[in-house]
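Note: the block below is model00.cif and it holds mmCIF, C-alpha atoms.
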```
data_entry
loop_
_atom_site.label_atom_id
_atom_site.label_comp_id
_atom_site.auth_asym_id
_atom_site.auth_seq_id
_atom_site.Cartn_x
_atom_site.Cartn_y
_atom_site.Cartn_z
CA SER A 102 0.22 -23.02 -20.78
CA GLY A 103 3.07 -21.44 -22.72
CA LEU A 104 6.12 -22.88 -20.99
CA PRO A 105 7.01 -26.46 -20.07
CA LYS A 106 6.32 -27.49 -16.47
CA ASP A 107 9.94 -27.35 -15.30
CA LEU A 108 10.24 -23.68 -16.31
CA MET A 109 7.18 -22.67 -14.25
CA PRO A 110 7.29 -21.84 -10.51
CA GLY A 111 7.10 -24.84 -8.22
CA PRO A 112 7.24 -25.77 -4.54
CA TYR A 113 9.77 -24.45 -2.06
CA PRO A 114 13.30 -25.73 -2.82
CA ARG A 115 14.65 -27.92 -0.06
CA THR A 116 18.00 -29.26 -1.28
CA PRO A 117 20.89 -27.14 -2.66
CA GLU A 118 20.43 -28.78 -6.06
CA GLU A 119 16.79 -27.67 -6.15
CA ARG A 120 17.94 -24.18 -5.19
CA ALA A 121 20.49 -24.08 -8.00
CA ALA A 122 17.91 -25.35 -10.48
CA ALA A 123 15.39 -22.74 -9.31
CA ALA A 124 17.99 -19.95 -9.61
CA LYS A 125 18.79 -21.07 -13.15
CA LYS A 126 15.08 -21.24 -13.98
CA TYR A 127 14.51 -17.65 -12.83
CA ASN A 128 17.65 -16.37 -14.63
CA MET A 129 19.39 -15.41 -11.39
CA ARG A 130 22.75 -16.13 -9.83
CA VAL A 131 22.67 -18.90 -7.21
CA GLU A 132 24.05 -16.44 -4.63
CA ASP A 133 21.37 -13.86 -5.46
CA TYR A 134 18.48 -16.35 -5.35
CA GLU A 135 16.60 -16.23 -2.05
CA PRO A 136 13.12 -17.78 -1.90
CA TYR A 137 10.43 -16.49 0.44
CA PRO A 138 10.52 -18.26 3.83
CA ASP A 139 8.58 -21.53 3.82
CA ASP A 140 5.65 -20.40 5.98
CA GLY A 141 2.97 -22.07 3.92
CA PHE A 142 1.75 -18.75 2.56
CA GLY A 143 1.70 -19.90 -1.06
CA TYR A 144 4.91 -18.27 -2.39
CA GLY A 145 6.54 -21.54 -3.40
CA ASP A 146 10.02 -21.11 -4.85
CA TYR A 147 9.43 -17.59 -6.17
CA PRO A 148 12.51 -15.41 -5.46
CA LYS A 149 12.38 -12.71 -2.83
CA LEU A 150 13.67 -9.64 -4.65
CA PRO A 151 14.47 -6.34 -2.82
CA ASP A 152 11.37 -4.24 -2.20
CA LYS A 153 12.30 -1.39 -4.52
CA SER A 154 9.80 0.34 -6.75
CA LEU A 155 10.32 0.97 -10.45
CA HIS A 156 10.88 4.66 -9.72
CA GLU A 157 14.35 3.76 -8.52
CA ARG A 158 15.44 2.07 -11.72
CA ASP A 159 17.66 4.00 -14.09
CA PRO A 160 15.45 6.07 -16.42
CA TRP A 161 18.22 6.44 -19.02
CA TYR A 162 19.15 2.77 -19.47
CA GLN A 163 17.78 1.10 -22.60
CA TRP A 164 15.25 -1.23 -21.07
CA ASP A 165 13.50 -3.74 -23.32
CA GLN A 166 10.20 -2.51 -21.93
CA LEU A 167 10.67 1.19 -21.35
CA ASP A 168 7.48 2.03 -19.49
CA MET A 169 7.83 -0.90 -17.10
CA ARG A 170 11.63 -0.43 -16.79
CA HIS A 171 11.95 -4.17 -17.18
CA ASN A 172 14.15 -6.40 -19.34
CA TRP A 173 12.92 -9.50 -21.13
CA GLY A 174 13.36 -12.55 -18.91
CA GLU A 175 14.34 -10.58 -15.79
CA PRO A 176 12.58 -11.96 -12.67
CA MET A 177 9.71 -9.70 -11.64
CA HIS A 178 9.01 -8.75 -8.06
CA TRP A 179 6.02 -10.53 -6.48
CA ASP A 180 4.39 -7.09 -6.01
CA PHE A 181 5.46 -5.83 -9.45
CA ASP A 182 2.06 -4.34 -10.18
CA MET A 183 2.22 -2.36 -6.93
CA TYR A 184 5.68 -0.93 -7.65
CA ILE A 185 4.98 0.43 -11.15
CA ARG A 186 5.57 4.09 -11.76
CA ASN A 187 1.93 5.06 -11.33
CA ARG A 188 1.73 3.56 -7.87
CA VAL A 189 3.94 3.00 -4.83
CA ASP A 190 7.25 4.84 -4.85
CA THR A 191 10.04 3.72 -2.54
CA SER A 192 12.67 6.20 -3.74
CA PRO A 193 14.97 7.49 -0.99
CA THR A 194 13.71 10.73 0.52
CA PRO A 195 15.94 13.71 1.46
CA VAL A 196 14.62 13.54 5.03
CA PRO A 197 14.54 10.15 6.83
CA TRP A 198 11.10 8.61 6.95
CA HIS A 199 10.93 8.41 10.75
CA THR A 200 11.66 12.15 10.96
CA MET A 201 8.86 12.91 8.51
CA ARG A 202 6.48 10.70 10.44
CA LYS A 203 7.42 12.35 13.73
CA HIS A 204 6.91 15.88 12.37
CA PHE A 205 3.60 14.97 10.77
CA LEU A 206 2.25 13.31 13.92
CA ILE A 207 3.34 16.26 16.07
CA PHE A 208 1.53 18.70 13.75
CA LEU A 209 -1.59 16.55 13.42
CA SER A 210 -1.93 15.85 17.13
CA THR A 211 -1.36 19.52 18.02
CA MET A 212 -4.06 20.63 15.60
CA LEU A 213 -6.52 17.96 16.77
CA ILE A 214 -5.94 18.76 20.45
CA MET A 215 -6.39 22.47 19.82
CA PHE A 216 -9.63 21.87 17.86
CA CYS A 217 -11.02 19.61 20.60
CA PHE A 218 -10.05 22.23 23.20
CA GLY A 219 -11.89 24.85 21.18
CA GLU A 220 -15.01 22.69 21.15
CA ILE A 221 -14.95 22.16 24.90
CA TYR A 222 -14.07 25.77 25.83
CA PRO A 223 -15.35 27.98 23.00
CA SER A 224 -14.18 31.56 22.91
CA TYR A 225 -15.97 34.38 21.03
CA ARG A 226 -16.94 38.06 21.41
CA PRO A 227 -19.87 38.70 23.81
CA VAL A 228 -23.29 38.29 22.13
CA GLY A 229 -26.86 39.02 23.21
CA PRO A 230 -30.24 37.71 22.01
CA LYS A 231 -31.28 38.81 18.53
CA GLN A 232 -33.48 41.95 18.40
CA TYR A 233 -36.28 42.11 15.78
CA PRO A 234 -37.85 45.39 14.49
CA PHE A 235 -41.60 46.31 14.12
CA ASN A 236 -42.48 45.52 17.73
CA ASP A 237 -40.75 42.18 17.68
CA LEU A 238 -42.33 41.31 14.28
CA TYR A 239 -45.85 41.47 15.74
CA LEU A 240 -47.73 41.40 12.39
CA GLU A 241 -45.39 38.84 10.76
CA ARG A 242 -45.91 36.50 13.68
CA GLY A 243 -49.69 36.47 13.18
CA GLY A 244 -50.64 39.28 15.50
CA ASP A 245 -54.13 40.89 15.14
CA PRO A 246 -53.77 44.05 12.93
CA ASN A 247 -56.71 45.77 14.64
CA LYS A 248 -55.26 45.51 18.12
CA GLU A 249 -52.45 47.66 19.47
CA PRO A 250 -49.17 45.74 19.38
CA PRO A 251 -47.32 45.56 22.68
CA VAL A 252 -44.44 48.05 22.66
CA VAL A 253 -41.07 46.28 22.93
CA THR A 254 -37.98 48.30 23.84
CA HIS A 255 -34.56 46.70 23.78
CA TYR A 256 -32.72 49.58 25.47
CA GLU A 257 -32.53 51.20 28.83
CA ILE A 258 -31.77 54.78 29.43
CA MET B 1485 29.47 5.11 30.75
CA VAL B 1486 31.45 4.83 27.52
CA ALA B 1487 29.63 6.01 24.39
CA GLY B 1488 29.92 3.59 21.51
CA PRO B 1489 31.00 4.56 18.00
CA PRO B 1490 28.77 7.27 16.46
CA PRO B 1491 25.84 5.84 14.45
CA SER B 1492 26.54 5.34 10.79
CA ALA B 1493 24.62 7.33 8.19
CA SER B 1494 22.43 4.36 7.27
CA GLU B 1495 21.58 3.80 10.94
CA VAL B 1496 20.53 7.41 11.26
CA TYR B 1497 18.49 7.17 8.05
CA ARG B 1498 16.78 3.88 9.01
CA PRO B 1499 15.46 2.64 5.65
CA ASN B 1500 12.24 0.63 5.92
CA ARG B 1501 9.47 -0.87 3.82
CA PHE B 1502 8.45 2.53 2.41
CA VAL B 1503 11.81 4.17 1.59
CA SER B 1504 15.06 2.57 0.58
CA LEU B 1505 18.57 3.66 1.46
CA PRO B 1506 20.07 6.26 -0.88
CA ALA B 1507 23.08 5.03 -2.82
CA GLU B 1508 25.32 7.68 -1.27
CA LEU B 1509 24.79 6.29 2.25
CA ASP B 1510 25.07 2.64 1.22
CA PRO B 1511 28.57 1.28 2.02
CA SER B 1512 28.36 -1.20 -0.85
CA THR B 1513 28.58 1.70 -3.34
CA TYR B 1514 32.10 2.41 -2.20
CA ASP B 1515 33.09 -1.24 -2.13
CA ALA B 1516 35.43 -1.91 -5.06
CA SER B 1517 36.43 -5.44 -4.13
CA LEU B 1518 37.01 -8.25 -6.58
CA GLU B 1519 34.04 -10.30 -5.35
CA LYS B 1520 31.66 -7.46 -6.05
CA ARG B 1521 33.09 -6.97 -9.52
CA ARG B 1522 32.87 -10.69 -10.24
CA ALA B 1523 29.26 -10.75 -9.08
CA GLU B 1524 28.45 -7.73 -11.25
CA ALA B 1525 30.17 -9.39 -14.21
CA GLU B 1526 28.10 -12.57 -13.76
CA ARG B 1527 24.89 -10.57 -13.52
CA MET B 1528 25.83 -8.63 -16.64
CA ALA B 1529 26.54 -11.90 -18.47
CA ILE B 1530 23.05 -13.20 -17.62
CA ARG B 1531 21.52 -9.90 -18.68
CA ALA B 1532 23.44 -9.88 -21.95
CA ARG B 1533 22.34 -13.43 -22.75
CA LEU B 1534 18.70 -12.55 -22.15
CA LYS B 1535 19.00 -9.34 -24.19
CA ARG B 1536 20.52 -11.31 -27.07
CA GLN B 1537 17.63 -13.78 -27.03
CA TYR B 1538 15.13 -10.96 -27.02
CA GLN B 1539 16.81 -8.98 -29.79
CA LEU B 1540 17.07 -12.08 -31.98
CA GLN B 1541 13.33 -12.60 -31.68
CA LEU B 1542 12.59 -8.90 -32.14
CA ASN B 1543 14.69 -8.42 -35.29
CA ASN B 1544 13.66 -11.72 -36.85
CA PRO B 1545 12.50 -11.19 -40.49
CA ASN B 1546 9.55 -13.51 -39.71
CA PRO B 1547 8.86 -12.40 -36.16
CA PRO B 1548 6.43 -14.43 -34.07
CA ALA B 1549 3.05 -12.83 -33.48
CA VAL B 1550 3.74 -12.26 -29.78
CA ILE B 1551 7.15 -12.43 -28.11
CA GLU B 1552 6.26 -14.15 -24.85
CA ASP B 1553 8.17 -13.10 -21.79
CA PRO B 1554 8.84 -16.18 -19.62
CA ALA B 1555 9.39 -13.96 -16.59
CA LEU B 1556 5.91 -12.50 -16.99
CA LEU B 1557 4.36 -15.95 -17.44
CA ARG B 1558 6.13 -17.23 -14.34
CA TRP B 1559 5.03 -14.19 -12.35
CA ALA B 1560 1.40 -14.61 -13.35
CA TYR B 1561 1.50 -18.38 -12.71
CA ALA B 1562 3.16 -17.95 -9.31
CA ARG B 1563 0.55 -15.47 -8.13
CA THR B 1564 -2.49 -17.37 -9.37
CA GLU B 1565 -2.03 -21.11 -9.89
CA ASN B 1566 0.96 -21.80 -7.69
CA VAL B 1567 -0.62 -20.51 -4.49
CA TYR B 1568 -2.95 -23.41 -3.72
CA PRO B 1569 -0.39 -26.24 -4.26
CA THR B 1570 2.20 -24.48 -2.11
CA PHE B 1571 -0.21 -23.40 0.64
CA ARG B 1572 0.11 -25.25 3.92
CA PRO B 1573 -2.06 -24.77 7.03
CA THR B 1574 0.29 -23.57 9.76
CA PRO B 1575 -0.56 -21.84 13.06
CA LYS B 1576 0.20 -18.48 11.45
CA THR B 1577 -1.89 -19.00 8.32
CA SER B 1578 -4.76 -20.50 10.33
CA PHE B 1579 -4.74 -17.53 12.69
CA LEU B 1580 -4.70 -15.04 9.83
CA GLY B 1581 -7.47 -16.96 8.07
CA VAL B 1582 -9.67 -16.81 11.15
CA VAL B 1583 -9.00 -13.12 11.78
CA PHE B 1584 -9.40 -11.86 8.22
CA ALA B 1585 -11.79 -14.38 6.65
CA ILE B 1586 -14.09 -15.82 9.30
CA GLY B 1587 -13.92 -12.95 11.80
CA PRO B 1588 -15.51 -10.23 9.67
CA ILE B 1589 -18.38 -12.52 8.62
CA LEU B 1590 -19.24 -13.41 12.21
CA PHE B 1591 -18.75 -9.80 13.36
CA TRP B 1592 -21.02 -8.27 10.74
CA ALA B 1593 -23.62 -11.03 11.20
CA ALA B 1594 -23.75 -10.18 14.90
CA VAL B 1595 -23.95 -6.44 14.20
CA PHE B 1596 -26.80 -6.77 11.70
CA LYS B 1597 -28.69 -9.20 13.91
CA ALA B 1598 -28.42 -6.87 16.91
CA ASP B 1599 -29.51 -3.90 14.83
CA ARG B 1600 -32.54 -5.75 13.43
CA ASP B 1601 -33.53 -7.04 16.87
CA ARG B 1602 -33.40 -3.50 18.25
CA LYS B 1603 -35.58 -2.22 15.40
CA GLU B 1604 -38.01 -5.11 15.83
CA LYS B 1605 -38.33 -4.33 19.53
CA LEU B 1606 -39.02 -0.67 18.78
CA ILE B 1607 -41.65 -1.57 16.17
CA LYS B 1608 -43.37 -3.98 18.55
CA GLU B 1609 -43.49 -1.25 21.21
CA GLY B 1610 -44.81 1.17 18.59
CA LYS B 1611 -41.93 3.62 19.10
CA TYR B 1612 -40.28 3.28 15.70
CA GLU B 1613 -40.58 6.33 13.42
CA ARG B 1614 -40.38 5.12 9.82
CA PRO B 1615 -37.90 7.06 7.76
CA PHE B 1616 -38.84 7.79 4.12
CA SER B 1617 -42.47 7.10 4.94
CA VAL B 1618 -44.90 8.23 2.24
CA PHE B 1619 -47.66 8.78 4.80
#
```
Take the structure I supplied and represent it as structure tokens, if you would.
Amino acid sequence: SGLPKDLMPGPYPRTPEERAAAAKKYNMRVEDYEPYPDDGFGYGDYPKLPDKSLHERDPWYQWDQLDMRHNWGEPMHWDFDMYIRNRVDTSPTPVPWHTMRKHFLIFLSTMLIMFCFGEIYPSYRPVGPKQYPFNDLYLERGGDPNKEPPVVTHYEI
Amino acid sequence: MVAGPPPSASEVYRPNRFVSLPAELDPSTYDASLEKRRAEAERMAIRARLKRQYQLQLNNPNPPAVIEDPALLRWAYARTENVYPTFRPTPKTSFLGVVFAIGPILFWAAVFKADRDRKEKLIKEGKYERPFSVF
């Protein structure tokens, strides 16, 4: 609605001329421009930019839009709203990701196996049945106050 | 059995969809060839042109009410209105459509029907204990 039709995204570019025109439209170099593969998913000629979040962009450069770390007219990633600084962060980690995943899964599986083991074979100090005072709570349990309560001893000498 | 060359740092790091390669391990950081510099110069020229356009609009004594960003408009258009014209039924898209769109509907319809039939059977046999009953 704001731009003329030839400046808006269109169908997948088939010929090299269409590619060059699409690269020029998106303000990219022809060598940098790489559309999404034509799988019929609905991407059209939108460029496939590297999947890097905005956390990785230089915080000290004078961007036109400082919070979005984005310059006016620069092509935005298809998942731009996912890669903003409040959301997904793809910055490089000090430890490789597969190492982190391995350590986490080892810890989690060990803990889960130990908890399941504890459920199947519980282990606690020896316990006996609970002992109640006042002749096994004879009056509290509705016993007749006129009758003699049965004497309950919980010990043996 | 001859061992091959030791794995490079980026092969040990294995960047994927969730983390990207650090610049120190990326061989292109240490590549000072002419092609790279020419490519960087071209990219900087495009960036400078766009910055000039933006600054001219920004510092205009009669600035427009809203400085539209064509990249933003294209992004919004591509994600909303350009999907249907460029969509094409292929084996992959049809399979995904069945699994994620039609599958859950049929699955949950079957689950609810089975649950209701079981409850109906229990009620008919008189074995169903009503939860939340006021009686």
- For this file, the PyMOL selection byres ((chain B) within 8 of (chain A)) selects which residues, as JSON, numbers by chain? {"B": [1496, 1497, 1498, 1499, 1501, 1502, 1503, 1504, 1505, 1506, 1526, 1527, 1530, 1531, 1534, 1535, 1538, 1553, 1554, 1555, 1556, 1557, 1558, 1559, 1561, 1562, 1563, 1566, 1567, 1568, 1569, 1570, 1571, 1572, 1573, 1574, 1576, 1577]}
- With a distance cut-off of 12 Å and only C-alpha atoms, select the neighbouring residues of A:Pro117, excluding the residue or stretch itself and same-chain residues fewer than 4 positions from it, and output the selection as number ranges by chain. A: 113, 121-124, 131-132, 134-135
- Query: Please, what distance in Å, to one decimal, runs between atom CA of A:Leu167 and atom CA of B:Asn1543?
  - Reply: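 Computing the Euclidean distance for atom CA of A:Leu167 and atom CA of B:Asn1543 yields 17.4 Å.
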Would you give the centre and edge lengths, in Å to one decimal, of a box along x, y and z around the listed atoms of stretch 194-211 of chain A, with 4 Å added to each side, as AutoDock Vina command-line options?
```
--center_x 7.0 --center_y 14.0 --center_z 9.3 --size_x 25.9 --size_y 19.1 --size_z 25.5
```
- Message: Give me the residues near B:Pro1511 as JSON, numbers by chain, where near means some atom within 10 Å (using all atoms listed in the file) and where sequence neighbours in that chain fewer than 5 positions away do not count.
- Response: {"B": [1492, 1493, 1494]}
File dump, residues just selected, C-alpha atoms, as a compact mmCIF listing (two decimals), in the frame of the given file:
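So result-v3.txt came out as:
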```txt
# COMPACT_ATOMS: atom_id res chain seq x y z
CA SER B 1492 26.54 5.34 10.79
CA ALA B 1493 24.62 7.33 8.19
CA SER B 1494 22.43 4.36 7.27
```
Taking the file as shown, find all residues satisfying the PyMOL selection byres ((chain A and resi 235) around 12) and write them as a PDB file with C-alpha atoms, in the coordinates of the input.
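out-v9.pdb, freshly written:
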```
ATOM      1  CA  GLN A 232     -33.480  41.950  18.400  1.00  0.00           C
ATOM      2  CA  TYR A 233     -36.280  42.110  15.780  1.00  0.00           C
ATOM      3  CA  PRO A 234     -37.850  45.390  14.490  1.00  0.00           C
ATOM      4  CA  ASN A 236     -42.480  45.520  17.730  1.00  0.00           C
ATOM      5  CA  ASP A 237     -40.750  42.180  17.680  1.00  0.00           C
ATOM      6  CA  LEU A 238     -42.330  41.310  14.280  1.00  0.00           C
ATOM      7  CA  TYR A 239     -45.850  41.470  15.740  1.00  0.00           C
ATOM      8  CA  LEU A 240     -47.730  41.400  12.390  1.00  0.00           C
ATOM      9  CA  GLU A 241     -45.390  38.840  10.760  1.00  0.00           C
ATOM     10  CA  ARG A 242     -45.910  36.500  13.680  1.00  0.00           C
ATOM     11  CA  GLY A 244     -50.640  39.280  15.500  1.00  0.00           C
ATOM     12  CA  PRO A 250     -49.170  45.740  19.380  1.00  0.00           C
ATOM     13  CA  PRO A 251     -47.320  45.560  22.680  1.00  0.00           C
ATOM     14  CA  VAL A 252     -44.440  48.050  22.660  1.00  0.00           C
ATOM     15  CA  VAL A 253     -41.070  46.280  22.930  1.00  0.00           C
ATOM     16  CA  THR A 254     -37.980  48.300  23.840  1.00  0.00           C
ATOM     17  CA  HIS A 255     -34.560  46.700  23.780  1.00  0.00           C
TER      18      HIS A 255
END
```
- So what do you get for atom CA of A:Leu150 versus atom CA of A:Met183, distance-wise?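 Taking atom CA of A:Leu150 and atom CA of A:Met183, their separation equals 13.8 Å.
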- Note on the structure: Correct to one decimal, the distance atom CA of B:Leu1540-atom CA of B:Ala1523 is 26.0 Å
